[in-house]
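Below: the structure, in structure tokens.
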Amino acid sequence: MFHAPDFKQLSKQIAAKTSADVEAALSSSRVTQDQLAALISPAAEPYLQQMAMQSSEITRNRFGKTTQLYAPIYLSNYCTNRCVYCGFSADNLIKRKCLTLDEAEREAMILHDRGFQHILLVSGEAESAVDVEYMEAITLRLRDKFAAVSIEIQPMSTEHYHRLFLAGITAVAVYQETYDRDMYKQVHLAGKKSDYDYRLETPARVAEAGMREVGIGALLGLSDWRAEGLAIGNHLAWLRKEFWSTAFTVSFPRMRPATGEFEPLQIVSEQNLSQLIFALRLFDPDVGLIVSTREEARYRNGMLGLGPTRYSAGSCTAPGGYGDADHEGEQFSVGDHRSLEEVCAAIREKGFDPVYKDWDCEFQTGMI
Amino acid sequence: MLTIAGTEFRSRLFLGTGKFSSSAVMADAIEASKCQMITVALRRVDLENPDDDIMSTLGQREYTFLPNTSGARDAKEAIRLAKLARAASGTSWLKLEVTPDPRTLLPDPVETLIATEELVKDGFIVLPYMNADPILALKLQDAGAAAVMPLGSPIGTNQGVLTDAMVEIIIEQARVPVVVDAGIGAPSHAAYAMEMGADAVLVNTAISVASDPVAMAAAFAKGVEAGRDAFKAGLGAANKEASASSPETGKLSTDLGFLA
């Protein structure tokens, strides 16, 4: 079981780093967890250019001149949790909707017709609306139409994840939101999600269930982003050791305006976010790094090839939002409003290849 | 401190006991090496004779004995040898060697994995000798091996760590200790393996056939220590291009002008 290090201790470890530590990390052939602390420390800020260069070199070397693309489909915004930062929080008076299987398939086909082959099924955490049977049923409907179907829903048991793997789910994302135990308590007021440890153990259950890929991450803006970065690095390294045949990705959702008027508790600048991305790339050359449409087009264009490997595009964060232009009930408002074609054009302009398909559910062992 | 299966070792140098000119020289070399783990080929020990040379020489000292299955050509033979070794020595520690080719003595990956699975189930502390194959290392680890022992180069060749690219991956990925075994011909080879982050090295031929095995054993002890210290101190990456010890700044080119 992964034991999250004391968050304040992580902050201290990072704060103690000097420019000599940063230089040692930058010239190291294998960045250690302690060197990761140096790379995300304030002492590394003057080295951002050099980090960008090294990160870009490693990324190109490992992933080629490509960027993978996906789009989310929001299945339901019902949620039993009360999370102070989230638009779906049970407290919020928004229009609630859970797509029927037909509606979900219609949404998926809209994305399919737009050219997407990798979709991410997202929902609020309410077992009564979206449970394993629902997820299995929608997966069985979609698996012949898409190369990859991944999910970002409530944490499940190993057994349920295995069922979804057999149905054709390729990857699961489950973010800790914050590795800061105290802050976690403060922002997760009620619901199953208020159990920090159960959530922390989820990526391991996903890997145990045989999923090909597990996504971890933290919501940037709740606590010290540097310590979150180091905790992610620790978690990632532990997962790699325990589950060597699983691929891993990290996401960096920066807090966006959401219903409920929750203001980020910590401001994380684009400089900060970039430093974190470069540092993690130097720490783990093979981890997939995801930048979603939370970020603006300008930023996403600039970061192409520098570290991230996967972008979402043309996203809508409300259930039924692709088919219904007048939708409401978003989880958060996006920062990049471009269509898939526009994002692809920007990727090509950089001399990169937009990748739609990187797997096929049909290849999965044990498919029903 | 190195820990394998709950036992702690101050020394990260393991010694093999073959090829020495006499038991006395072997005992002195072991002493000079400060090693605490010694592997003994079961086939060389006369189990019927309590005064057997090797056992009587080493038996009085505080070592962890690591009987090995040297000579076994498949999993079945190795398992049989292992059980005999345990019955004779009372220890569950085992260096698993399955070497069907008597010329190269290279380990058989398939039979080694089968034997590891069986022996772990039977309560052995298994340290399998293996080729430097990272996936095999992980599979052996998952099967319950207490450590993995990838070879540096074919046994007895003194060629050093020719498999370094693969050993490096094994070290990076394995949860269990990695002991580089076979082919280590000089203290610099041992140091190199330790600098990479190996948890220990096992040496035999380079010490036993040296003109002065005792002095060579001491030299290996220093090499292992130096390599371990260097690993802990954090080595810089090798670079193709020269870089000044006191660099001037300001010639970097990635454009981060897009950042808000």
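Residue numbering restarts at 1 for every chain of the structure tokens, chains are lettered A, B, ... in their displayed order, and ligands are numbered from 1 as they appear.
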
Exercise. From a DSSP pass on the backbone, collect the residues of region 210-348 of chain A flagged as strand (DSSP E) and hand them back as a count of residues only.
Key: 17

Exercise. May I have the residues of chain A within 12 Å of chain B, counting only C-alpha atoms, written as a count of residues only?
Key: 55

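The set of residues in region 240-339 of chain A assigned to helix (DSSP H, G or I) by DSSP, using only backbone atoms of this structure, is Arg240, Lys241, Glu242, Glu270, Gln271, Asn272, Leu273, Ser274, Gln275, Leu276, Ile277, Phe278, Ala279, Leu280, Arg281, Leu282, Phe283, Ala297, Arg298, Tyr299, Arg300, Asn301, Gly302 and Met303 of chain A.
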
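The residue set within 7 Å of region 67-77 of chain A, counting only C-alpha atoms and dropping same-chain residues fewer than 3 places from it, reads Phe88, Arg96, Lys97, Cys98, Leu99, Ala104, Phe116, His118, Ile119, Leu120, Leu121, Val122, Ser123, Gly124, Thr309, Arg310, Tyr311, Ser312, Ala313, Gly314, Ser315, Thr317, Ala318, Pro319, Phe352, Asp353, Pro354, Val355 and Tyr356 of chain A.
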
Self-check item: Residue contacts of Asp182 (chain A) (12 Å, only C-alpha atoms) excluding same-chain residues fewer than 3 positions away, as JSON, numbers by chain
Solution: {"A": [6, 7, 8, 178, 179, 185, 186, 187, 188, 189, 194, 195, 196, 222, 223]}

Quiz item: If we count only C-alpha atoms, what is near Gly227 (chain B) at a cut-off of 8 Å, once residues fewer than 2 positions away on the same chain are taken out, given as an MDAnalysis selection string?
Solution: chainID B and resid 190:195 223:225 229:231

Output C-alpha atoms for every residue in the selection just made, as a CSV table (one decimal), in the first residue's frame.
chain,number,residue,atom,x,y,z
B,190,ALA,CA,32.5,-4.3,-9.1
B,191,ALA,CA,32.7,-0.5,-8.5
B,192,TYR,CA,31.0,0.1,-11.8
B,193,ALA,CA,28.1,-2.2,-11.0
B,194,MET,CA,27.7,-0.6,-7.6
B,195,GLU,CA,27.8,2.9,-9.1
B,223,GLY,CA,35.9,-1.4,-5.0
B,224,VAL,CA,32.4,-2.4,-3.8
B,225,GLU,CA,32.5,0.3,-1.1
B,229,ASP,CA,29.5,5.5,-1.9
B,230,ALA,CA,29.6,7.1,-5.4
B,231,PHE,CA,26.1,5.8,-6.2

Quiz item: Quick one, how far is CA of Leu280 (chain A) from CA of Phe252 (chain A)?
Solution: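 According to the coordinates, CA of Leu280 (chain A) and CA of Phe252 (chain A) are separated by 10.9 Å.
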
Quiz item: Residues at most 12 Å from Lys121 (chain B), counting only C-alpha atoms, excluding those fewer than 4 positions away in the same chain, as a list in words?
Solution: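 The residues satisfying every condition are Ile79, Ser92, Ile114, Ala115, Thr116, Glu117, Ile125, Val126, Ala143, Gly144 and Ala145 of chain B.
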
Exercise. With a distance cut-off of 10 Å and only C-alpha atoms, select the neighbouring residues of Ala146 (chain B), excluding the residue or stretch itself and same-chain residues fewer than 3 positions from it, and output the selection as a PyMOL selection string.
Key: chain B and resi 3-6+93-94+120+124-128+140-143+175-178
